[in-house]
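So this block is input-v6.cif, mmCIF, C-alpha atoms and all ligand atoms:
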data_run
loop_
_atom_site.label_atom_id
_atom_site.label_comp_id
_atom_site.auth_asym_id
_atom_site.auth_seq_id
_atom_site.Cartn_x
_atom_site.Cartn_y
_atom_site.Cartn_z
CA MET A 1450 115.16 122.35 86.04
CA ARG A 1451 111.83 123.77 84.98
CA PHE A 1452 108.51 122.33 85.97
CA THR A 1453 105.22 122.71 84.20
CA SER A 1454 101.75 121.72 85.34
CA LYS A 1455 100.74 118.27 84.23
CA THR A 1456 97.32 116.71 84.20
CA LEU A 1457 97.52 113.14 85.42
CA THR A 1458 94.95 110.43 85.94
CA CYS A 1459 94.83 108.69 89.29
CA SER A 1460 95.42 104.97 88.84
CA TYR A 1461 93.42 104.31 91.98
CA CYS A 1462 90.16 106.27 91.56
CA GLY A 1463 90.53 107.45 87.95
CA THR A 1464 90.20 111.14 88.83
CA MET A 1465 92.14 113.69 86.77
CA PHE A 1466 94.34 115.83 88.93
CA ILE A 1467 96.88 118.61 88.40
CA PHE A 1468 100.46 117.80 89.25
CA ASP A 1469 101.59 121.37 89.71
CA PRO A 1470 105.19 122.63 89.55
CA GLU A 1471 105.33 123.17 93.30
CA GLU A 1472 104.41 119.56 93.94
CA GLN A 1473 106.76 118.29 91.27
CA ARG A 1474 109.60 120.11 92.97
CA SER A 1475 108.81 118.56 96.34
CA PHE A 1476 108.51 115.18 94.66
CA VAL A 1477 111.96 115.51 93.12
CA MET A 1478 113.37 116.73 96.43
CA ARG A 1479 112.11 113.56 98.07
CA GLY A 1480 113.85 111.50 95.38
CA TYR A 1481 110.84 110.54 93.28
CA ILE A 1482 111.55 110.42 89.56
CA ASN A 1483 108.24 109.16 88.25
CA ASN A 1484 104.91 110.96 88.22
CA PRO A 1485 102.62 110.14 91.11
CA ARG A 1486 100.11 107.46 90.23
CA ARG A 1487 97.55 108.55 92.77
CA CYS A 1488 95.72 111.84 93.13
CA PRO A 1489 96.49 113.88 96.27
CA ARG A 1490 93.32 112.67 97.94
CA CYS A 1491 94.17 108.99 97.44
CA ARG A 1492 97.73 109.61 98.58
CA LEU A 1493 96.41 111.20 101.77
CA GLY A 1494 93.98 108.36 102.27
CA ARG A 1495 96.72 105.81 101.86
CA LYS A 1496 98.94 107.65 104.30
CA ALA A 1497 96.14 107.65 106.86
CA ASP A 1498 95.62 103.94 106.29
CA GLN A 1499 99.22 103.13 107.00
CA GLY A 1500 99.93 105.54 109.82
CA GLY A 1501 96.63 105.81 111.65
CA GLY A 1502 95.29 102.31 111.18
CA PHE A 1503 96.21 101.04 114.59
CA GLY A 1504 94.99 104.21 116.30
CA ASN A 1505 91.63 103.88 114.62
CA TYR A 1506 91.22 100.36 115.88
CA ALA A 1507 92.08 101.46 119.40
CA ASN A 1508 89.49 104.22 119.20
CA PHE A 1509 86.90 101.80 117.95
CA SER A 1510 87.34 99.42 120.86
CA THR A 1511 87.20 102.17 123.45
CA LEU A 1512 84.15 103.77 121.85
CA ARG A 1513 82.35 100.47 121.84
CA MET A 1514 80.15 100.13 124.91
CA MET A 1515 80.86 97.07 127.02
CA TYR A 1516 78.54 95.72 129.70
CA PRO A 1517 79.67 93.78 132.76
CA ALA A 1518 78.31 90.26 132.87
CA THR A 1519 78.91 86.91 134.54
CA CYS A 1520 79.74 83.92 132.40
CA ALA A 1521 77.00 81.29 132.56
CA GLU A 1522 79.53 78.55 131.90
CA CYS A 1523 82.48 79.18 134.21
CA GLY A 1524 81.09 82.00 136.40
CA ILE A 1525 83.88 84.52 135.91
CA ASP A 1526 83.25 88.23 135.50
CA THR A 1527 83.39 89.28 131.87
CA GLU A 1528 82.27 92.04 129.53
CA VAL A 1529 79.92 91.73 126.60
CA PRO A 1530 79.36 94.21 123.74
CA PHE A 1531 75.59 94.07 124.25
CA GLU A 1532 73.33 94.62 127.24
CA PRO A 1533 72.75 91.27 128.98
CA ILE A 1534 69.09 90.29 128.89
CA ASP A 1535 67.52 88.37 131.79
CA GLY A 1536 67.20 84.70 131.03
CA ARG A 1537 69.75 84.80 128.26
CA SER A 1538 73.04 83.07 128.88
CA VAL A 1539 76.13 85.22 128.65
CA TYR A 1540 79.53 83.67 128.20
CA CYS A 1541 83.03 84.96 128.59
CA ARG A 1542 85.12 85.09 125.46
CA ARG A 1543 86.73 81.71 126.09
CA CYS A 1544 83.45 79.90 126.74
CA ARG A 1545 81.75 81.70 123.84
CA ASN A 1546 84.35 80.25 121.53
CA SER A 1547 83.99 76.73 122.88
CA VAL A 1548 80.17 76.95 122.78
CA ARG A 1549 80.33 78.14 119.20
CA SER A 1550 82.73 75.43 118.07
CA ALA A 1551 80.70 72.77 119.88
CA SER A 1552 77.43 73.82 118.22
CA SER A 1553 78.96 74.08 114.78
CA ARG A 1554 80.10 70.51 114.94
ZN ZN A 1601 92.61 109.07 93.35
ZN ZN A 1602 83.38 81.34 130.83
#
Translate the structure described by the file into structure tokens.
Ligand SMILES: [Zn+2]
Ligand SMILES: [Zn+2]
Amino acid sequence: MRFTSKTLTCSYCGTMFIFDPEEQRSFVMRGYINNPRRCPRCRLGRKADQGGGFGNYANFSTLRMMYPATCAECGIDTEVPFEPIDGRSVYCRRCRNSVRSASSR
């Protein structure tokens, strides 16, 4: 089976990309019959979305600075994503939710 370079258009970002013989061979080896619909960059991006999504979220939450605080409602120790300011009430997550739902009513 002979492969020749094809110029394809990415259905995702619209960029023209070369589907070269080497890639075509690896595509066929993996059982793909059709041409790829996404350019290599979009395919990589999609792979990262699926595989690394959870890891990214974990990184985000650990990178985010949390400050220790005491809940003004129930008095338990909690953490808030902002620096507590004197005179401003800080609530734990549970109380924050109930305060929010009470005020929205
Ligand atoms: Zn693309
Ligand atoms: Zn509380």
Find the residue from A:Thr1453, A:Ser1547, A:Asn1484, A:Ser1460 that sits nearest to ligand ZN 1601 (chain A); use only C-alpha atoms and all ligand atoms when measuring.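 Among the listed residues, A:Ser1460 lies closest to ligand ZN 1601 (chain A).
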Shell around region 1524-1536 of chain A at 10 Å using only C-alpha atoms, local window under 4 positions removed, as number ranges by chain: A: 1510, 1513-1520, 1540-1542
As lines of an AutoDock Vina configuration file, what would the box around region 1480-1492 of chain A look like: edges along x, y and z, 5 Å added on every side, centre and edge lengths in Å to one decimal?
center_x = 103.6
center_y = 110.7
center_z = 93.4
size_x = 30.5
size_y = 16.4
size_z = 20.4
Report as a list in words which protein, DNA and RNA residues come within 8 Å of ligand ZN 1601 (chain A), using all atoms listed in the file.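 Final answer, ordered by chain and number: Thr1458, Cys1459, Ser1460, Tyr1461, Cys1462, Gly1463, Thr1464, Arg1487, Cys1488, Pro1489, Arg1490, Cys1491 and Arg1492 of chain A.
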Using C-alpha atoms, can you export the residues from the last selection as an mmCIF file, in the coordinates of the input?
data_model
loop_
_atom_site.group_PDB
_atom_site.id
_atom_site.type_symbol
_atom_site.label_atom_id
_atom_site.label_comp_id
_atom_site.auth_asym_id
_atom_site.auth_seq_id
_atom_site.Cartn_x
_atom_site.Cartn_y
_atom_site.Cartn_z
ATOM 1 C CA THR A 1458 94.950 110.430 85.940
ATOM 2 C CA CYS A 1459 94.830 108.690 89.290
ATOM 3 C CA SER A 1460 95.420 104.970 88.840
ATOM 4 C CA TYR A 1461 93.420 104.310 91.980
ATOM 5 C CA CYS A 1462 90.160 106.270 91.560
ATOM 6 C CA GLY A 1463 90.530 107.450 87.950
ATOM 7 C CA THR A 1464 90.200 111.140 88.830
ATOM 8 C CA ARG A 1487 97.550 108.550 92.770
ATOM 9 C CA CYS A 1488 95.720 111.840 93.130
ATOM 10 C CA PRO A 1489 96.490 113.880 96.270
ATOM 11 C CA ARG A 1490 93.320 112.670 97.940
ATOM 12 C CA CYS A 1491 94.170 108.990 97.440
ATOM 13 C CA ARG A 1492 97.730 109.610 98.580
#
Return the single residue from A:Glu1522, A:Ser1538, A:Met1478, A:Ala1551 that is closest to ligand ZN 1602 (chain A), with distances computed using all atoms listed in the file.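 Comparing A:Glu1522, A:Ser1538, A:Met1478, A:Ala1551 against ligand ZN 1602 (chain A), the winner is A:Glu1522.
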